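Listing of final03.txt, compact mmCIF, C-alpha atoms (C1' of nucleotides)
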# COMPACT_ATOMS: atom_id res chain seq x y z
CA MET G 560 0.00 0.00 0.00
CA SER G 561 1.38 3.37 -0.92
CA GLU G 562 1.76 6.28 1.43
CA LYS G 563 -0.86 8.39 -0.27
CA ALA G 564 -3.63 5.87 0.20
CA PHE G 565 -3.14 5.95 3.93
CA SER G 566 -5.88 7.93 5.54
CA GLN G 567 -8.50 7.06 2.97
CA LYS G 568 -9.57 3.76 4.48
CA SER G 569 -10.20 2.51 7.99
CA VAL G 570 -7.50 0.30 9.39
CA GLU G 571 -9.95 -2.59 9.51
CA GLN G 572 -10.64 -2.19 5.81
CA ARG G 573 -6.95 -2.05 5.09
CA LEU G 574 -6.40 -5.27 6.98
CA ARG G 575 -9.32 -6.90 5.16
CA ASP G 576 -7.85 -5.88 1.81
CA PHE G 577 -4.44 -7.10 2.75
CA LEU G 578 -5.74 -10.48 3.87
CA LEU G 579 -7.77 -10.87 0.71
CA ALA G 580 -4.91 -9.85 -1.54
CA ASN G 581 -2.71 -12.47 0.08
CA GLY G 582 -5.24 -15.27 0.37
CA LEU G 583 -5.24 -15.16 4.16
CA ARG G 584 -8.19 -15.73 6.48
CA GLN G 585 -10.14 -13.10 8.33
CA THR G 586 -9.96 -14.41 11.86
CA LYS G 587 -11.37 -12.70 14.94
CA GLU G 588 -7.90 -12.86 16.52
CA ARG G 589 -6.42 -10.72 13.77
CA PHE G 590 -9.04 -8.03 14.10
CA ALA G 591 -8.95 -8.06 17.88
CA ILE G 592 -5.18 -7.63 17.80
CA LEU G 593 -5.51 -4.83 15.27
CA LYS G 594 -7.97 -3.07 17.54
CA ALA G 595 -5.70 -3.48 20.54
CA VAL G 596 -2.76 -2.14 18.54
CA TYR G 597 -4.70 0.95 17.56
CA ASP G 598 -5.86 1.50 21.14
CA MET G 599 -2.25 1.77 22.28
CA ASP G 600 -1.07 5.31 22.02
CA SER G 601 2.64 4.92 22.30
CA THR G 602 5.21 2.23 21.66
CA PHE G 603 4.53 -1.16 23.23
CA THR G 604 5.99 -4.63 23.59
CA ILE G 605 4.38 -7.95 22.77
CA GLU G 606 3.81 -8.49 26.46
CA GLU G 607 2.03 -5.16 26.87
CA LEU G 608 -0.10 -5.95 23.87
CA GLN G 609 -1.07 -9.24 25.43
CA ARG G 610 -2.05 -7.49 28.66
CA ALA G 611 -4.13 -4.96 26.73
CA LEU G 612 -5.96 -7.78 24.99
CA ALA G 613 -6.52 -9.51 28.32
CA GLU G 614 -8.18 -6.33 29.59
CA MET G 615 -10.42 -6.49 26.54
CA ARG G 616 -11.24 -10.01 27.71
CA PHE G 617 -9.58 -11.45 24.65
CA ARG G 618 -7.13 -14.26 25.16
CA VAL G 619 -4.56 -14.92 22.44
CA SER G 620 -1.50 -17.08 22.56
CA THR G 621 1.95 -15.61 22.34
CA ALA G 622 2.56 -17.47 19.11
CA THR G 623 -0.43 -15.78 17.51
CA LEU G 624 0.73 -12.40 18.73
CA TYR G 625 4.09 -12.90 17.10
CA ASN G 626 2.51 -14.13 13.90
CA THR G 627 -0.02 -11.35 13.75
CA THR G 628 2.30 -8.47 14.58
CA GLN G 629 4.55 -9.69 11.79
CA LEU G 630 1.56 -9.74 9.51
CA LEU G 631 0.51 -6.23 10.51
CA VAL G 632 4.00 -4.98 9.83
CA GLN G 633 3.81 -6.50 6.37
CA ALA G 634 0.43 -4.86 5.88
CA ASN G 635 1.95 -1.50 6.81
CA LEU G 636 -0.34 -1.13 9.77
CA LEU G 637 2.35 -1.50 12.37
CA ILE G 638 5.93 -0.43 12.73
CA ARG G 639 8.68 -2.31 14.44
CA HIS G 640 11.17 -0.27 16.40
CA PRO G 641 14.81 -0.66 17.16
CA PHE G 642 15.52 1.15 20.41
CA SER G 643 15.43 -1.42 23.08
CA SER G 644 18.05 -4.10 23.36
CA GLN G 645 16.15 -7.29 23.96
CA THR G 646 12.51 -6.68 23.44
CA THR G 647 11.07 -5.47 20.20
CA LEU G 648 9.00 -2.33 20.44
CA PHE G 649 6.04 -1.75 18.19
CA GLU G 650 4.03 1.32 17.28
CA ARG G 651 0.96 1.66 15.14
CA ILE G 652 1.31 3.59 11.93
CA ALA G 653 -0.74 6.70 12.47
CA ASP G 654 -0.75 8.49 9.18
CA GLU G 655 0.83 11.89 9.04
CA LYS G 656 2.51 11.93 12.42
CA PRO G 657 6.22 12.49 11.99
CA ARG G 658 8.31 9.58 13.16
CA ASN G 659 11.41 11.39 14.20
CA TYR G 660 12.99 10.42 17.46
CA GLN G 661 15.80 11.68 19.57
CA ILE G 662 17.52 9.01 21.64
CA CYS G 663 20.05 9.56 24.38
CA ASN G 664 23.06 7.27 24.07
CA ASN G 665 23.43 7.31 27.81
CA CYS G 666 20.03 7.14 29.50
CA HIS G 667 18.21 5.77 26.40
CA ARG G 668 15.33 8.16 26.88
CA ILE G 669 13.31 8.65 23.72
CA THR G 670 11.62 11.87 22.70
CA ARG G 671 9.71 12.83 19.59
CA ILE G 672 11.14 15.54 17.41
CA LYS G 673 8.64 18.05 16.18
CA SER G 674 10.24 20.01 13.39
CA LYS G 675 8.37 20.78 10.21
CA GLU G 676 11.59 21.69 8.46
CA LEU G 677 13.10 18.32 9.27
CA MET G 678 9.94 16.52 8.23
CA ASP G 679 9.92 18.29 4.90
CA GLY G 680 13.59 17.53 4.41
CA ILE G 681 12.93 13.85 4.90
CA ASN G 682 9.73 13.72 2.90
CA SER G 683 11.38 15.38 -0.08
CA TYR G 684 13.11 12.08 -0.77
CA ARG G 685 10.99 10.22 -3.31
CA PRO G 686 12.68 7.26 -4.93
CA ARG G 687 11.36 6.08 -8.26
CA ARG G 688 11.26 2.36 -7.82
CA PHE G 689 10.50 1.87 -4.14
CA ASP G 690 7.00 2.17 -2.72
CA ILE G 691 7.52 3.92 0.60
CA SER G 692 5.28 3.05 3.52
CA HIS G 693 6.93 5.24 6.11
CA ARG G 694 10.14 6.90 7.20
CA VAL G 695 11.76 6.86 10.61
CA LEU G 696 14.61 9.04 11.71
CA TYR G 697 16.64 8.38 14.83
CA VAL G 698 18.85 11.15 16.08
CA TYR G 699 21.30 9.78 18.61
CA GLY G 700 23.28 11.85 21.04
CA ILE G 701 23.54 13.02 24.61
CA CYS G 702 20.56 14.68 26.23
CA PRO G 703 21.05 17.85 28.29
CA LYS G 704 20.56 16.00 31.57
CA CYS G 705 23.24 13.40 30.86
CA GLU G 706 25.54 16.00 29.38
CA ALA G 707 25.42 17.96 32.64
CA ALA G 708 26.02 14.79 34.65
CA MET G 709 29.03 13.85 32.52
CA ARG G 710 30.49 17.32 32.77
CA LYS G 711 30.20 17.20 36.53
CA LYS G 712 31.85 13.79 36.70
CA LEU G 713 34.76 14.88 34.53
CA LYS G 714 35.26 17.97 36.67
CA GLN G 715 35.37 15.88 39.84
CA LEU G 716 37.94 13.60 38.25
CA GLN G 717 40.11 16.53 37.24
CA ASN G 718 39.94 17.89 40.80
CA ASN G 719 41.07 14.52 42.16
CA ILE G 720 44.07 14.54 39.85
CA GLN G 721 45.06 18.02 40.93
CA GLN G 722 44.98 17.14 44.63
CA MET F 996 31.63 13.81 22.06
CA SER F 997 30.24 16.23 19.57
CA GLU F 998 29.84 15.58 15.90
CA LYS F 999 32.36 18.15 14.85
CA ALA F 1000 35.18 16.63 16.84
CA PHE F 1001 34.77 13.36 14.99
CA SER F 1002 37.48 13.01 12.42
CA GLN F 1003 40.03 14.94 14.40
CA LYS F 1004 41.19 12.07 16.59
CA SER F 1005 41.97 8.43 16.03
CA VAL F 1006 39.37 6.02 17.32
CA GLU F 1007 41.87 4.67 19.81
CA GLN F 1008 42.41 8.15 21.19
CA ARG F 1009 38.71 8.70 21.41
CA LEU F 1010 38.30 5.49 23.38
CA ARG F 1011 41.17 6.46 25.66
CA ASP F 1012 39.56 9.84 26.34
CA PHE F 1013 36.20 8.29 26.98
CA LEU F 1014 37.62 5.78 29.44
CA LEU F 1015 39.55 8.48 31.26
CA ALA F 1016 36.59 10.82 31.41
CA ASN F 1017 34.51 8.08 32.95
CA GLY F 1018 37.09 6.61 35.28
CA LEU F 1019 37.23 3.32 33.40
CA ARG F 1020 40.26 1.12 32.82
CA GLN F 1021 42.24 0.81 29.64
CA THR F 1022 42.23 -2.93 29.13
CA LYS F 1023 43.70 -4.80 26.19
CA GLU F 1024 40.30 -6.41 25.61
CA ARG F 1025 38.67 -3.05 25.00
CA PHE F 1026 41.26 -1.97 22.47
CA ALA F 1027 41.29 -5.32 20.73
CA ILE F 1028 37.53 -5.21 20.38
CA LEU F 1029 37.69 -1.66 19.10
CA LYS F 1030 40.22 -2.75 16.47
CA ALA F 1031 38.05 -5.66 15.43
CA VAL F 1032 35.02 -3.41 15.19
CA TYR F 1033 36.86 -1.02 12.92
CA ASP F 1034 38.14 -3.87 10.77
CA MET F 1035 34.56 -4.90 9.99
CA ASP F 1036 33.30 -3.05 6.99
CA SER F 1037 29.60 -3.64 7.21
CA THR F 1038 27.08 -4.45 9.90
CA PHE F 1039 27.88 -7.39 12.14
CA THR F 1040 26.52 -9.40 15.06
CA ILE F 1041 28.17 -10.16 18.37
CA GLU F 1042 28.88 -13.65 17.12
CA GLU F 1043 30.61 -12.39 13.98
CA LEU F 1044 32.65 -10.01 16.07
CA GLN F 1045 33.74 -12.89 18.25
CA ARG F 1046 34.80 -14.88 15.20
CA ALA F 1047 36.74 -11.90 13.85
CA LEU F 1048 38.56 -11.62 17.15
CA ALA F 1049 39.29 -15.33 17.13
CA GLU F 1050 40.93 -14.89 13.73
CA MET F 1051 43.06 -12.16 15.27
CA ARG F 1052 44.01 -14.83 17.85
CA PHE F 1053 42.25 -12.87 20.55
CA ARG F 1054 39.89 -14.74 22.82
CA VAL F 1055 37.25 -12.76 24.68
CA SER F 1056 34.24 -14.00 26.55
CA THR F 1057 30.76 -13.27 25.33
CA ALA F 1058 30.07 -11.30 28.48
CA THR F 1059 32.96 -8.98 27.74
CA LEU F 1060 31.78 -8.53 24.18
CA TYR F 1061 28.38 -7.46 25.37
CA ASN F 1062 29.87 -5.14 27.96
CA THR F 1063 32.32 -3.59 25.56
CA THR F 1064 29.99 -3.08 22.64
CA GLN F 1065 27.65 -1.29 25.01
CA LEU F 1066 30.55 0.84 26.15
CA LEU F 1067 31.55 1.63 22.58
CA VAL F 1068 28.01 2.68 21.81
CA GLN F 1069 28.11 5.03 24.77
CA ALA F 1070 31.43 6.37 23.55
CA ASN F 1071 29.88 7.07 20.15
CA LEU F 1072 32.26 4.72 18.42
CA LEU F 1073 29.67 2.13 17.52
CA ILE F 1074 26.09 2.18 16.40
CA ARG F 1075 23.45 -0.32 17.29
CA HIS F 1076 20.97 -1.22 14.57
CA PRO F 1077 17.36 -2.22 14.58
CA PHE F 1078 16.74 -4.31 11.48
CA SER F 1079 16.97 -7.88 12.53
CA SER F 1080 14.43 -9.46 14.82
CA GLN F 1081 16.45 -11.48 17.26
CA THR F 1082 20.07 -10.54 16.93
CA THR F 1083 21.32 -7.03 17.36
CA LEU F 1084 23.35 -5.68 14.49
CA PHE F 1085 26.20 -3.28 15.03
CA GLU F 1086 28.09 -0.96 12.74
CA ARG F 1087 31.08 1.24 13.43
CA ILE F 1088 30.57 4.97 13.23
CA ALA F 1089 32.56 6.06 10.24
CA ASP F 1090 32.35 9.81 10.20
CA GLU F 1091 30.77 11.41 7.21
CA LYS F 1092 29.15 8.39 5.65
CA PRO F 1093 25.41 8.90 5.39
CA ARG F 1094 23.40 6.45 7.45
CA ASN F 1095 20.28 6.31 5.40
CA TYR F 1096 18.78 2.93 4.72
CA GLN F 1097 15.96 1.59 2.64
CA ILE F 1098 14.37 -1.54 4.04
CA CYS F 1099 11.85 -3.76 2.29
CA ASN F 1100 8.92 -4.67 4.53
CA ASN F 1101 8.60 -7.94 2.72
CA CYS F 1102 12.04 -9.40 1.99
CA HIS F 1103 13.85 -7.27 4.62
CA ARG F 1104 16.64 -6.45 2.21
CA ILE F 1105 18.59 -3.38 3.27
CA THR F 1106 20.18 -0.90 0.89
CA ARG F 1107 22.03 2.32 1.52
CA ILE F 1108 20.44 5.48 0.20
CA LYS F 1109 22.85 7.85 -1.45
CA SER F 1110 21.13 11.19 -1.81
CA LYS F 1111 22.94 14.39 -1.03
CA GLU F 1112 19.68 16.28 -0.92
CA LEU F 1113 18.26 13.91 1.69
CA MET F 1114 21.45 14.06 3.72
CA ASP F 1115 21.38 17.83 3.74
CA GLY F 1116 17.72 17.82 4.71
CA ILE F 1117 18.49 15.65 7.69
CA ASN F 1118 21.67 17.43 8.70
CA SER F 1119 19.93 20.78 8.70
CA TYR F 1120 18.28 19.76 11.94
CA ARG F 1121 20.37 21.18 14.74
CA PRO F 1122 18.71 21.14 18.15
CA ARG F 1123 20.02 23.55 20.76
CA ARG F 1124 20.21 21.38 23.83
CA PHE F 1125 21.07 17.93 22.48
CA ASP F 1126 24.59 16.96 21.48
CA ILE F 1127 24.10 14.84 18.37
CA SER F 1128 26.43 11.93 17.71
CA HIS F 1129 24.79 10.63 14.57
CA ARG F 1130 21.56 10.35 12.64
CA VAL F 1131 20.01 7.27 11.09
CA LEU F 1132 17.11 7.28 8.68
CA TYR F 1133 15.15 4.17 7.82
CA VAL F 1134 12.87 4.31 4.83
CA TYR F 1135 10.50 1.38 4.87
CA GLY F 1136 8.49 0.17 1.93
CA ILE F 1137 8.22 -2.42 -0.77
CA CYS F 1138 11.16 -2.99 -3.08
CA PRO F 1139 10.57 -3.31 -6.84
CA LYS F 1140 11.17 -7.06 -6.76
CA CYS F 1141 8.60 -7.75 -4.08
CA GLU F 1142 6.17 -5.29 -5.60
CA ALA F 1143 6.25 -7.23 -8.86
CA ALA F 1144 5.81 -10.52 -7.02
CA MET F 1145 2.82 -9.19 -5.08
CA ARG F 1146 1.20 -7.81 -8.20
CA LYS F 1147 1.56 -11.19 -9.86
CA LYS F 1148 0.07 -12.99 -6.86
CA LEU F 1149 -2.90 -10.66 -6.72
CA LYS F 1150 -3.53 -11.12 -10.42
CA GLN F 1151 -3.50 -14.90 -10.09
CA LEU F 1152 -5.96 -14.66 -7.23
CA GLN F 1153 -8.30 -12.49 -9.26
CA ASN F 1154 -8.13 -14.98 -12.12
CA ASN F 1155 -9.06 -17.79 -9.74
CA ILE F 1156 -12.10 -15.87 -8.59
CA GLN F 1157 -13.23 -15.25 -12.14
CA GLN F 1158 -13.00 -18.91 -13.07
C1' DG X 1155 -14.76 -31.06 4.47
C1' DT X 1156 -10.34 -28.95 4.08
C1' DC X 1157 -6.54 -26.54 5.35
C1' DA X 1158 -5.02 -22.11 7.32
C1' DG X 1159 -4.72 -20.41 11.88
C1' DT X 1160 -4.54 -20.99 16.78
C1' DG X 1161 -3.07 -22.62 21.52
C1' DC X 1162 0.10 -24.89 24.21
C1' DA X 1163 4.41 -26.30 25.65
C1' DA X 1164 8.92 -27.33 24.59
C1' DA X 1165 13.00 -25.84 22.25
C1' DC X 1166 16.07 -22.52 20.79
C1' DT X 1167 18.66 -18.18 20.58
C1' DT X 1168 20.34 -14.20 22.47
C1' DT X 1169 21.52 -11.60 26.34
C1' DT X 1170 22.29 -11.01 31.29
C1' DT X 1171 24.00 -12.25 35.79
C1' DG X 1172 26.78 -14.09 39.79
C1' DC X 1173 30.98 -15.29 41.34
C1' DA X 1174 35.85 -16.43 41.36
C1' DA X 1175 40.16 -15.11 39.27
C1' DC X 1176 42.83 -11.57 37.26
C1' DT X 1177 45.04 -7.11 36.35
C1' DA X 1178 45.18 -1.98 35.59
C1' DC X 1179 45.84 1.60 38.44
C1' DG N 448 46.62 -3.58 47.61
C1' DT N 449 42.16 -2.62 45.76
C1' DA N 450 38.62 -2.10 42.79
C1' DG N 451 37.27 -2.51 38.09
C1' DT N 452 37.27 -6.28 34.45
C1' DT N 453 37.17 -10.57 32.68
C1' DG N 454 35.81 -15.54 31.97
C1' DC N 455 32.84 -19.11 32.80
C1' DA N 456 28.63 -21.22 33.40
C1' DA N 457 24.07 -20.91 34.72
C1' DA N 458 19.87 -18.30 34.35
C1' DA N 459 16.75 -15.29 32.27
C1' DA N 460 14.31 -13.20 28.54
C1' DG N 461 12.41 -13.21 24.08
C1' DT N 462 11.11 -15.63 20.10
C1' DT N 463 10.26 -19.70 17.30
C1' DT N 464 8.60 -24.29 16.41
C1' DG N 465 5.93 -28.78 16.32
C1' DC N 466 1.77 -30.79 16.85
C1' DA N 467 -3.01 -31.42 17.88
C1' DC N 468 -7.25 -28.93 17.69
C1' DT N 469 -10.35 -25.39 15.89
C1' DG N 470 -12.90 -22.63 12.75
C1' DA N 471 -12.96 -19.70 8.22
C1' DC N 472 -13.86 -20.56 3.68
As a first step, turn the structure in this file into structure tokens.
Amino acid sequence: MSEKAFSQKSVEQRLRDFLLANGLRQTKERFAILKAVYDMDSTFTIEELQRALAEMRFRVSTATLYNTTQLLVQANLLIRHPFSSQTTLFERIADEKPRNYQICNNCHRITRIKSKELMDGINSYRPRRFDISHRVLYVYGICPKCEAAMRKKLKQLQNNIQQ
Amino acid sequence: MSEKAFSQKSVEQRLRDFLLANGLRQTKERFAILKAVYDMDSTFTIEELQRALAEMRFRVSTATLYNTTQLLVQANLLIRHPFSSQTTLFERIADEKPRNYQICNNCHRITRIKSKELMDGINSYRPRRFDISHRVLYVYGICPKCEAAMRKKLKQLQNNIQQ
DNA sequence: GTCAGTGCAAACTTTTTGCAACTAC
DNA sequence: GTAGTTGCAAAAAGTTTGCACTGAC
């Protein structure tokens, strides 16, 4: 599915189309998981997704969750994130929202970048033979908090040497 | 370490400085691993790094590899990638090289994007209170190969329905 | 009725941890 | 000498797999 077609259909319809196009079945699990995914408002893990479904009184096995999230990623309804070390983080694909993140190398805190200029800069890239679903930018560095902490530490060390 | 200071020092010197600034020891393991990392020319896993070190006749434990890669990431000498599901992929930080990747949602093939315009668009973002080490852009979508395959599949399906 | 999809549990892979031994400072 | 580091092995965490059962088509 191309980027432009995004907001024109409901996510349920998009899933239906995807399943049909690929000869896959329309199971209640898949739609329940889709709903749960779109009820989450930030990034989430498989485990959190399972808890959310449990609160909806919908039990699904872990295996199905793994299968289905993979499927939703393929259907461009879900995005799979890098940040964390062990666990995979997911996030629903919510149309126009810019997906630009700032990540601290030290404390690993993640913040969204809201810069129209940056967004435009990224969106200006339009390859000919590659049907883009979405773009994600990660800006790594040291956040102000950690920077201050490091500076302080270094200063202490220098004082120790001088003594 | 700020972006500008990048190419001015050798990687060994940068590691030395980082260790000093943080009161950490200068062990032969850390420098051997750094060398191995900078001898790799593409992305690599922990396991591949261990093999590379073995070829250098340098044995290190897995635990040390995990510790040290984490340390190198903090020192802005190494970057930790998202792509793969299970295994973490690493890549050395090699200065000016653009880190813009195109990833197929279907076959997961990764290609580097070489677009000066895009690079400039991304680099124009300069936050005030965040010391950037590097930027990574991931452009997700469907590659031409998979697009063709999907189109074919859909066509076949439609033919089946018509029969 | 058939076969894709699901649940369950076991297996597997990757990463982390605890502790004794080592070594940079 | 004394911590910070390392190696080893065991444990933990996350993900995948095999198989029997279920339900979408």
Item to check | Which of G:Glu588, G:Asp598, G:Glu571, G:Glu606 sits closest to Arg618 in chain G [using all atoms listed in the file] | outcome: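 Distance minimum relative to Arg618 in chain G lands on G:Glu588.
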Checklist entry - When you draw a straight line from CA of Tyr697 in chain G to CA of Ile662 in chain G, how long is it in Å? => result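 Between CA of Tyr697 in chain G and CA of Ile662 in chain G the gap works out to 6.9 Å.
Checking G:Cys663, G:Ala580, G:Ile652, G:Ala591 one by one against chain F, counting only C-alpha atoms, you find the shortest gap at G:Ala580.
Note that the spacing between CA of His693 in chain G and CA of Glu650 in chain G amounts to 12.2 Å.
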Next on the checklist: Just want the 10 Å neighbourhood of DG470 in chain N, counted on only C-alpha atoms (C1' of nucleotides), with same-chain residues fewer than 6 positions away dropped. Output as a list of chain:residue names.
Outcome noted: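 After dropping sequence-adjacent residues, the list is G:Thr586, X:DA1158, X:DG1159, X:DT1160.
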At a cut-off of 9 Å, can you tabulate as a tab-separated table every residue of range 1025-1080 of chain F near range 453-463 of chain N together with its closest atom pair and the distance in Å to one decimal, using only C-alpha atoms (C1' of nucleotides) and ordering rows by chain then number?
residue	atom	partner	partner_atom	distance
F:Val1055	CA	N:DG454	C1'	7.9
F:Ser1056	CA	N:DG454	C1'	5.8
F:Thr1057	CA	N:DG454	C1'	8.6
F:Ala1058	CA	N:DG454	C1'	7.9
F:Thr1059	CA	N:DT453	C1'	6.7
F:Ser1080	CA	N:DT462	C1'	8.8
Next on the checklist: One number please: CA of Ser674 in chain G to CA of Arg710 in chain G, in Å, one decimal.
Outcome noted: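 Taking CA of Ser674 in chain G as the start and CA of Arg710 in chain G as the end point, the length is 28.2 Å.
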Next on the checklist: Based on all atoms listed in the file, which of the residues in chain X come within 12 Å of chain G? I want them as a count of residues only.
Outcome noted: 11
Item to check | Residues of chain F within 8 Å of chain G, only C-alpha atoms counted, as number ranges by chain | outcome: F: 1016-1018, 1068-1069, 1071, 1076-1078, 1080-1081, 1083, 1100-1101, 1112-1113, 1115-1117, 1119-1120, 1124-1139, 1148-1149, 1152
Next on the checklist: When you count all atoms listed in the file, which of these residues is closest to chain N: G:Leu574, G:Ala707, G:Ala611, G:Leu648?
Outcome noted: G:Leu648
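Every protein or nucleic acid residue with an atom no more than 9 Å from DT464 in chain N, counting all atoms listed in the file and leaving out same-chain residues fewer than 6 positions away, appears here: DA1164, DA1165 and DC1166 of chain X.
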Next on the checklist: For a quick check of understanding, using all atoms listed in the file, which of F:Lys1004, F:Lys1109, F:Arg1009, F:Arg1025 has the smallest distance to chain N?
Outcome noted: F:Arg1025
Step by step, gather every atom of range 689-706 of chain G that the file lists, find the box along x, y and z that holds them, add 4 Å on each side, and finally give centre and edge lengths in Å to one decimal, as JSON.
{"center_x": 15.4, "center_y": 9.9, "center_z": 13.7, "size_x": 28.3, "size_y": 24.0, "size_z": 43.7}
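With distances restricted to only C-alpha atoms (C1' of nucleotides), F:Tyr1061 is the closest residue to chain N from F:Tyr1033, F:Phe1085, F:Tyr1061, F:Phe1039.
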Output file request: range 572-584 of chain G, with N, CA and C atoms, as a PDB file, in the first residue's frame.
ATOM      1  N   GLN G 572     -10.489  -1.952   7.245  1.00  0.00           N
ATOM      2  CA  GLN G 572     -10.642  -2.186   5.809  1.00  0.00           C
ATOM      3  C   GLN G 572      -9.292  -2.505   5.174  1.00  0.00           C
ATOM      4  N   ARG G 573      -8.272  -1.805   5.657  1.00  0.00           N
ATOM      5  CA  ARG G 573      -6.954  -2.050   5.088  1.00  0.00           C
ATOM      6  C   ARG G 573      -6.469  -3.450   5.398  1.00  0.00           C
ATOM      7  N   LEU G 574      -6.785  -3.908   6.623  1.00  0.00           N
ATOM      8  CA  LEU G 574      -6.405  -5.270   6.983  1.00  0.00           C
ATOM      9  C   LEU G 574      -7.184  -6.270   6.124  1.00  0.00           C
ATOM     10  N   ARG G 575      -8.484  -6.025   5.978  1.00  0.00           N
ATOM     11  CA  ARG G 575      -9.318  -6.903   5.155  1.00  0.00           C
ATOM     12  C   ARG G 575      -8.742  -7.031   3.737  1.00  0.00           C
ATOM     13  N   ASP G 576      -8.416  -5.896   3.161  1.00  0.00           N
ATOM     14  CA  ASP G 576      -7.851  -5.883   1.807  1.00  0.00           C
ATOM     15  C   ASP G 576      -6.552  -6.671   1.730  1.00  0.00           C
ATOM     16  N   PHE G 577      -5.735  -6.439   2.744  1.00  0.00           N
ATOM     17  CA  PHE G 577      -4.435  -7.103   2.755  1.00  0.00           C
ATOM     18  C   PHE G 577      -4.603  -8.610   2.826  1.00  0.00           C
ATOM     19  N   LEU G 578      -5.512  -9.048   3.696  1.00  0.00           N
ATOM     20  CA  LEU G 578      -5.741 -10.481   3.868  1.00  0.00           C
ATOM     21  C   LEU G 578      -6.264 -11.083   2.569  1.00  0.00           C
ATOM     22  N   LEU G 579      -7.194 -10.392   1.967  1.00  0.00           N
ATOM     23  CA  LEU G 579      -7.768 -10.866   0.710  1.00  0.00           C
ATOM     24  C   LEU G 579      -6.703 -10.965  -0.378  1.00  0.00           C
ATOM     25  N   ALA G 580      -5.933  -9.905  -0.488  1.00  0.00           N
ATOM     26  CA  ALA G 580      -4.907  -9.848  -1.536  1.00  0.00           C
ATOM     27  C   ALA G 580      -3.883 -10.957  -1.389  1.00  0.00           C
ATOM     28  N   ASN G 581      -3.724 -11.444  -0.163  1.00  0.00           N
ATOM     29  CA  ASN G 581      -2.708 -12.465   0.076  1.00  0.00           C
ATOM     30  C   ASN G 581      -3.294 -13.835   0.371  1.00  0.00           C
ATOM     31  N   GLY G 582      -4.597 -13.981   0.160  1.00  0.00           N
ATOM     32  CA  GLY G 582      -5.243 -15.274   0.369  1.00  0.00           C
ATOM     33  C   GLY G 582      -5.189 -15.744   1.806  1.00  0.00           C
ATOM     34  N   LEU G 583      -5.290 -14.808   2.743  1.00  0.00           N
ATOM     35  CA  LEU G 583      -5.243 -15.161   4.158  1.00  0.00           C
ATOM     36  C   LEU G 583      -6.636 -15.036   4.772  1.00  0.00           C
ATOM     37  N   ARG G 584      -6.842 -15.699   5.884  1.00  0.00           N
ATOM     38  CA  ARG G 584      -8.185 -15.734   6.480  1.00  0.00           C
ATOM     39  C   ARG G 584      -8.461 -14.561   7.411  1.00  0.00           C
TER      40      ARG G 584
END
